[in-house]
>>> print(open('final07.cif').read())   # mmCIF, C-alpha atoms
data_run
#
loop_
_atom_site.label_atom_id
_atom_site.label_comp_id
_atom_site.auth_asym_id
_atom_site.auth_seq_id
_atom_site.Cartn_x
_atom_site.Cartn_y
_atom_site.Cartn_z
CA MET A 13 21.58 -20.79 54.97
CA ASP A 14 21.08 -17.02 54.72
CA PHE A 15 19.54 -15.09 51.82
CA ILE A 16 22.90 -14.12 50.32
CA SER A 17 23.92 -17.77 50.10
CA LEU A 18 20.61 -18.77 48.53
CA PHE A 19 20.50 -15.80 46.15
CA PRO A 20 22.51 -17.49 43.32
CA LEU A 21 20.29 -20.58 43.54
CA PHE A 22 17.18 -18.41 43.34
CA ALA A 23 18.62 -16.55 40.35
CA GLY A 24 19.49 -19.86 38.70
CA PHE A 25 15.90 -21.07 39.10
CA ILE A 26 14.58 -17.83 37.62
CA GLY A 27 17.13 -18.18 34.81
CA LEU A 28 15.86 -21.69 34.07
CA THR A 29 12.32 -20.37 33.66
CA VAL A 30 13.47 -17.37 31.62
CA GLY A 31 15.54 -19.71 29.43
CA SER A 32 12.37 -21.57 28.51
CA PHE A 33 10.75 -18.27 27.51
CA LEU A 34 13.86 -17.27 25.53
CA ASN A 35 13.43 -20.42 23.44
CA VAL A 36 10.01 -19.07 22.48
CA VAL A 37 11.49 -15.65 21.67
CA ILE A 38 14.24 -17.19 19.52
CA HIS A 39 11.74 -19.27 17.57
CA ARG A 40 8.82 -16.83 17.23
CA LEU A 41 10.24 -13.31 17.06
CA PRO A 42 11.75 -13.71 13.54
CA ARG A 43 8.44 -15.14 12.33
CA ILE A 44 6.52 -12.25 13.90
CA MET A 45 8.87 -9.83 12.11
CA GLU A 46 8.40 -11.68 8.81
CA ARG A 47 4.62 -11.43 9.09
CA GLU A 48 4.86 -7.71 9.80
CA TRP A 49 7.11 -7.21 6.75
CA GLN A 50 4.65 -9.11 4.54
CA HIS A 51 1.80 -6.87 5.69
CA GLN A 52 3.87 -3.72 5.17
CA CYS A 53 4.91 -4.83 1.65
CA ALA A 54 1.29 -5.61 0.75
CA GLU A 55 0.20 -2.16 1.92
CA LEU A 56 2.99 -0.48 -0.09
CA ARG A 57 1.89 -2.38 -3.21
CA GLY A 58 -1.71 -1.31 -2.60
CA GLU A 59 -2.80 -4.89 -2.06
CA ALA A 60 -5.02 -6.30 0.63
CA PRO A 61 -2.75 -7.71 3.35
CA PRO A 62 -2.96 -11.47 3.92
CA ALA A 63 -5.29 -12.70 6.63
CA LYS A 64 -3.58 -12.02 9.92
CA GLU A 65 -4.11 -14.72 12.53
CA THR A 66 -3.02 -14.07 16.09
CA TYR A 67 0.64 -14.95 16.40
CA ASN A 68 2.80 -13.52 19.16
CA LEU A 69 5.02 -14.70 21.99
CA ALA A 70 2.02 -16.04 23.91
CA THR A 71 -0.40 -17.21 21.20
CA PRO A 72 -0.89 -19.80 19.76
CA ARG A 73 0.00 -22.56 22.18
CA SER A 74 3.27 -24.37 21.49
CA LYS A 75 2.95 -27.61 19.54
CA CYS A 76 5.10 -30.29 17.94
CA PRO A 77 6.27 -29.09 14.48
CA HIS A 78 5.93 -32.65 13.13
CA CYS A 79 2.49 -33.80 14.32
CA SER A 80 0.98 -30.57 15.76
CA HIS A 81 0.55 -32.23 19.15
CA PRO A 82 -0.16 -29.44 21.71
CA ILE A 83 2.60 -29.26 24.31
CA ALA A 84 1.15 -30.04 27.73
CA VAL A 85 2.30 -28.23 30.86
CA TRP A 86 4.22 -31.24 32.15
CA GLU A 87 6.01 -31.46 28.78
CA ASN A 88 7.23 -27.88 29.08
CA ILE A 89 9.20 -28.04 32.35
CA PRO A 90 12.67 -26.65 31.58
CA VAL A 91 15.31 -29.37 31.06
CA ILE A 92 13.37 -31.94 33.14
CA SER A 93 10.68 -32.55 30.51
CA TYR A 94 13.32 -33.09 27.84
CA LEU A 95 15.00 -35.73 30.00
CA LEU A 96 11.71 -37.44 30.90
CA LEU A 97 10.64 -37.51 27.25
CA LYS A 98 14.13 -38.72 26.24
CA GLY A 99 14.32 -35.94 23.69
CA ARG A 100 11.25 -37.08 21.73
CA CYS A 101 7.67 -35.91 21.20
CA SER A 102 5.26 -37.82 23.44
CA SER A 103 2.86 -38.28 20.52
CA CYS A 104 4.79 -38.96 17.30
CA LYS A 105 8.21 -39.73 18.88
CA ALA A 106 9.96 -37.26 16.57
CA GLY A 107 13.22 -35.91 17.93
CA ILE A 108 13.23 -32.64 19.88
CA SER A 109 16.18 -30.33 19.25
CA PRO A 110 18.70 -30.46 22.13
CA ARG A 111 19.06 -26.71 21.75
CA TYR A 112 16.01 -26.18 23.97
CA PRO A 113 17.50 -27.70 27.14
CA ILE A 114 20.91 -26.25 26.26
CA VAL A 115 19.49 -22.71 26.17
CA GLU A 116 17.57 -23.31 29.41
CA PHE A 117 20.50 -24.82 31.29
CA THR A 118 23.00 -22.26 30.01
CA THR A 119 20.70 -19.38 30.96
CA ALA A 120 20.22 -20.85 34.44
CA LEU A 121 23.95 -21.40 34.95
CA LEU A 122 24.91 -17.91 33.78
CA SER A 123 22.11 -16.34 35.84
CA ALA A 124 23.37 -18.08 38.99
CA TRP A 125 26.91 -16.97 38.22
CA THR A 126 25.74 -13.40 37.68
CA ALA A 127 23.99 -13.36 41.07
CA TRP A 128 27.07 -14.79 42.78
CA HIS A 129 29.38 -12.32 41.02
CA PHE A 130 27.42 -9.14 41.79
CA GLY A 131 25.46 -10.19 44.88
CA PRO A 132 21.95 -8.90 45.75
CA THR A 133 22.47 -5.50 44.15
CA LEU A 134 21.08 -3.34 41.35
CA ALA A 135 24.03 -4.51 39.24
CA THR A 136 22.67 -8.07 39.31
CA LEU A 137 19.26 -6.98 38.05
CA GLY A 138 20.80 -5.09 35.14
CA ALA A 139 23.31 -7.83 34.36
CA LEU A 140 20.52 -10.43 34.20
CA VAL A 141 18.56 -8.30 31.73
CA PHE A 142 21.77 -7.84 29.71
CA LEU A 143 22.52 -11.57 29.83
CA TRP A 144 19.01 -12.71 28.86
CA SER A 145 18.91 -10.26 25.96
CA LEU A 146 22.24 -11.52 24.65
CA VAL A 147 21.09 -15.14 24.85
CA ALA A 148 18.00 -14.32 22.77
CA LEU A 149 20.03 -12.33 20.23
CA THR A 150 22.58 -15.14 19.93
CA GLY A 151 19.94 -17.75 19.13
CA ILE A 152 18.11 -15.52 16.65
CA ASP A 153 21.33 -14.53 14.87
CA PHE A 154 22.43 -18.15 14.55
CA ASP A 155 19.07 -19.05 12.99
CA THR A 156 18.35 -16.06 10.78
CA GLN A 157 21.40 -13.73 10.79
CA LEU A 158 19.12 -11.04 12.22
CA LEU A 159 19.54 -8.95 15.36
CA PRO A 160 16.05 -7.48 15.93
CA ASP A 161 15.72 -3.78 16.73
CA SER A 162 13.02 -4.74 19.24
CA ILE A 163 15.82 -6.14 21.44
CA THR A 164 18.96 -4.17 20.51
CA LEU A 165 17.45 -0.66 20.73
CA PRO A 166 15.82 -1.09 24.18
CA LEU A 167 19.09 -2.67 25.31
CA ILE A 168 20.96 0.54 24.42
CA TRP A 169 18.53 2.70 26.38
CA LEU A 170 18.50 0.34 29.36
CA GLY A 171 22.29 0.47 29.53
CA LEU A 172 22.20 4.25 29.66
CA ILE A 173 19.46 4.21 32.30
CA PHE A 174 21.34 1.82 34.59
CA ASN A 175 24.46 3.94 34.25
CA LEU A 176 22.56 7.04 35.36
CA PHE A 177 23.44 5.63 38.79
CA GLY A 178 26.99 4.62 37.80
CA THR A 179 26.07 0.94 38.04
CA TYR A 180 28.76 -0.30 35.63
CA THR A 181 30.44 2.90 34.47
CA ASP A 182 29.81 6.64 34.58
CA LEU A 183 27.12 8.11 32.34
CA GLY A 184 29.60 9.99 30.15
CA SER A 185 31.52 6.79 29.36
CA ALA A 186 28.24 5.01 28.64
CA VAL A 187 27.06 7.66 26.17
CA ILE A 188 30.43 7.75 24.41
CA GLY A 189 30.44 3.93 24.44
CA ALA A 190 27.07 3.78 22.68
CA VAL A 191 28.17 6.27 20.01
CA ALA A 192 31.65 4.78 19.55
CA GLY A 193 30.28 1.22 19.49
CA TYR A 194 27.93 2.03 16.64
CA LEU A 195 30.32 4.20 14.62
CA SER A 196 33.30 1.84 14.90
CA LEU A 197 31.56 -1.08 13.17
CA TRP A 198 29.70 1.29 10.86
CA THR A 199 33.08 2.60 9.66
CA VAL A 200 34.46 -0.92 9.21
CA TYR A 201 31.32 -1.87 7.28
CA TRP A 202 31.70 0.98 4.77
CA LEU A 203 35.45 0.59 4.37
CA PHE A 204 34.98 -3.11 3.65
CA LYS A 205 32.11 -2.42 1.25
CA MET A 206 34.08 0.21 -0.67
CA ALA A 207 37.09 -2.11 -0.89
CA THR A 208 35.26 -5.32 -1.88
CA GLY A 209 31.77 -4.27 -3.00
CA LYS A 210 30.33 -6.69 -0.40
CA GLU A 211 28.63 -6.23 2.93
CA GLY A 212 30.78 -7.67 5.71
CA MET A 213 28.18 -7.37 8.48
CA GLY A 214 24.69 -6.11 9.20
CA TYR A 215 23.40 -3.00 10.92
CA GLY A 216 22.25 -5.12 13.85
CA ASP A 217 25.90 -5.73 14.74
CA PHE A 218 26.45 -1.95 15.00
CA LYS A 219 23.51 -1.64 17.38
CA LEU A 220 24.62 -4.60 19.49
CA LEU A 221 28.09 -3.14 19.98
CA ALA A 222 26.47 0.22 20.77
CA ALA A 223 24.43 -1.56 23.46
CA ILE A 224 27.57 -3.15 24.93
CA GLY A 225 29.20 0.29 24.97
CA ALA A 226 26.13 1.79 26.66
CA TRP A 227 26.27 -0.82 29.41
CA LEU A 228 30.02 -1.06 29.99
CA GLY A 229 31.53 2.17 28.65
CA TRP A 230 33.78 3.05 25.74
CA GLN A 231 36.89 1.76 27.52
CA ILE A 232 35.77 -1.84 27.06
CA LEU A 233 35.09 -1.60 23.31
CA PRO A 234 38.60 -2.33 21.92
CA MET A 235 38.85 -5.52 23.94
CA THR A 236 35.29 -6.53 23.00
CA ILE A 237 35.99 -6.10 19.28
CA LEU A 238 39.30 -7.95 19.60
CA LEU A 239 37.78 -10.91 21.49
CA SER A 240 34.76 -11.23 19.20
CA SER A 241 36.90 -11.02 16.06
CA LEU A 242 39.35 -13.59 17.40
CA VAL A 243 36.65 -16.07 18.38
CA GLY A 244 34.76 -15.46 15.13
CA ALA A 245 37.89 -16.06 13.06
CA VAL A 246 38.70 -19.30 14.90
CA VAL A 247 35.15 -20.62 14.55
CA GLY A 248 35.00 -19.57 10.90
CA ILE A 249 38.24 -21.36 10.04
CA ALA A 250 37.08 -24.45 11.96
CA LEU A 251 33.80 -24.51 10.03
CA ILE A 252 35.65 -24.26 6.73
CA LEU A 253 38.16 -26.99 7.58
CA LEU A 254 36.03 -29.41 9.61
CA ALA A 255 32.49 -28.86 8.37
CA ARG A 256 33.57 -28.09 4.80
CA ARG A 257 31.57 -24.89 4.88
CA GLY A 258 32.07 -22.66 1.86
CA ARG A 259 34.09 -19.49 2.28
CA ASN A 260 31.24 -17.43 0.82
CA VAL A 261 28.69 -18.68 3.36
CA PRO A 262 28.11 -15.80 5.82
CA ILE A 263 28.81 -16.38 9.52
CA PRO A 264 26.74 -14.42 12.08
CA PHE A 265 28.92 -12.02 14.08
CA GLY A 266 26.35 -11.25 16.78
CA PRO A 267 26.99 -14.37 18.90
CA TYR A 268 30.69 -13.53 19.16
CA LEU A 269 29.93 -9.93 20.10
CA ALA A 270 27.50 -11.25 22.73
CA ALA A 271 30.08 -13.64 24.17
CA ALA A 272 32.69 -10.88 24.28
CA GLY A 273 30.17 -8.56 25.92
CA LEU A 274 29.49 -11.08 28.69
CA LEU A 275 33.21 -11.60 29.27
CA ALA A 276 33.62 -7.84 29.47
CA MET A 277 30.73 -7.58 31.94
CA PHE A 278 32.36 -9.99 34.37
CA TRP A 279 36.10 -9.64 33.77
CA GLY A 280 36.45 -6.50 31.64
CA GLN A 281 39.00 -4.68 33.78
CA ASP A 282 41.17 -7.77 34.31
CA LEU A 283 41.16 -8.63 30.61
CA THR A 284 41.93 -5.03 29.62
CA GLN A 285 44.87 -4.86 32.03
CA ALA A 286 46.20 -8.20 30.76
CA TYR A 287 45.88 -6.96 27.16
CA LEU A 288 47.74 -3.75 27.98
CA ARG A 289 50.52 -5.70 29.70
CA LEU A 290 50.93 -7.81 26.56
CA LEU A 291 51.30 -4.62 24.51
#
>>> encode(input="final07.cif", output="structure tokens")
Amino acid sequence: MDFISLFPLFAGFIGLTVGSFLNVVIHRLPRIMEREWQHQCAELRGEAPPAKETYNLATPRSKCPHCSHPIAVWENIPVISYLLLKGRCSSCKAGISPRYPIVEFTTALLSAWTAWHFGPTLATLGALVFLWSLVALTGIDFDTQLLPDSITLPLIWLGLIFNLFGTYTDLGSAVIGAVAGYLSLWTVYWLFKMATGKEGMGYGDFKLLAAIGAWLGWQILPMTILLSSLVGAVVGIALILLARRGRNVPIPFGPYLAAAGLLAMFWGQDLTQAYLRLL
């Protein structure tokens, strides 16, 4: 087999490893942000900040949340360790969330598909960064309803940088896409707030759509908003009817924007043409 044939398999293996790291990002980044906010609030109040132990994406070592058993290397092999451990801690036998192998496997599968779709090109490198960022943002938004600036803002700039070379769209479309992506949801936010007195979404959603516009251009934004709104509405109604979730319980919008952004990355032109034919 030649390199081109093996390239998707290689990308899938890398995606499996990255997926394991993304689980760490999803779990730890909100906690890192919370600690920083606590220190900033203490400083503003003129108080001594709480003792700050080292806590980042690398330190301390991962451990079981139930018994504090340190996770050994062999227990941290993506997907395989979960299957060998039968989804339970090796020490206390407490259940391990299936989300960990799901994130790992999904990231690997999408990474392999990305490599197959774009081939060994610069577009694959950018699309993988875009994909991995969206996976992390999706998990964090589901857990905390936050879309961290530390991911969304670099994603905007990276989209513009990749499109300096016309990788996904021309630079002019990318710049307009970033501006239009932000302002479109910003406008919806304020119209909704003035009409209802409530906040319909967060500022992180504006930045995420700006990032999608920076990567794919302004032409893809109407379809992205339509797809994300449609999927969000269907999931929201299903949660209300099937899970008996209250209507006033907020639903994160970021995951649906991320899903629409990935669809636009791979099939944006085809979906846009199909949408225009329907009109």
>>> resolve_selection(input="final07.cif", expression="the PyMOL selection byres ((chain A and resi 207-212) around 12)", output="VMD selection string")
chain A and resid 197 to 206 213 to 215 217 to 218 260 to 265
>>> closest_residue(input="final07.cif", among="A:Ser102, A:Thr179, A:Thr164, A:Ser80", to="Phe130 of chain A", atoms="all atoms listed in the file")
A:Thr179
>>> resolve_selection(input="final07.cif", expression="the PyMOL selection byres ((chain A and resi 143) around 10)", output="number ranges by chain")
A: 27, 119, 122-123, 126, 137-142, 144-149, 270-271, 273-274, 277
>>> closest_residue(input="final07.cif", among="A:Ala54, A:Ala226, A:Leu121, A:Leu96", to="Pro20 of chain A", atoms="only C-alpha atoms")
A:Leu121
>>> atom_distance(input="final07.cif", atom1="atom CA of Thr284 of chain A", atom2="atom CA of Ile237 of chain A")
12.0 Å
>>> resolve_selection(input="final07.cif", expression="the PyMOL selection byres ((chain A and resi 78) around 9)", output="MDAnalysis selection string")
chainID A and resid 75:77 79:81 101 104 106
>>> closest_residue(input="final07.cif", among="A:Ile83, A:Leu269, A:Ala127, A:Ile224", to="Leu21 of chain A", atoms="only C-alpha atoms")
A:Ala127
>>> residues_around(input="final07.cif", residues="Asp182 of chain A", least_positions_apart="3", cutoff="12 Å", atoms="only C-alpha atoms", output="list in words")
Gly171, Leu172, Ile173, Phe174, Asn175, Leu176, Phe177, Gly178, Thr179, Ser185, Ala186, Val187, Ile188, Gly189, Gly225, Ala226, Trp227, Leu228, Gly229, Trp230 and Gln231 of chain A
>>> residues_near_point(input="final07.cif", point="(14.5, -30.7, 22.0)", cutoff="12 Å", atoms="all atoms listed in the file", output="PyMOL selection string")
chain A and resi 32+35+76-77+87-102+105-116
>>> atom_distance(input="final07.cif", atom1="atom CA of Leu283 of chain A", atom2="atom CA of Ala250 of chain A")
24.8 Å
>>> axis_aligned_box(input="final07.cif", around="segment 55-62 of chain A", padding_each_side="6 Å", output="JSON")
{"center_x": -1.0, "center_y": -6.0, "center_z": 0.4, "size_x": 20.0, "size_y": 23.0, "size_z": 19.1}
>>> atom_distance(input="final07.cif", atom1="atom CA of Leu251 of chain A", atom2="atom CA of Phe154 of chain A")
13.8 Å
>>> closest_residue(input="final07.cif", among="A:Tyr194, A:Phe33, A:Tyr268, A:Glu48", to="Ala222 of chain A", atoms="all atoms listed in the file")
A:Tyr194
>>> closest_residue(input="final07.cif", among="A:Phe278, A:Leu183, A:Ile38, A:Ser196", to="Gly151 of chain A", atoms="all atoms listed in the file")
A:Ile38
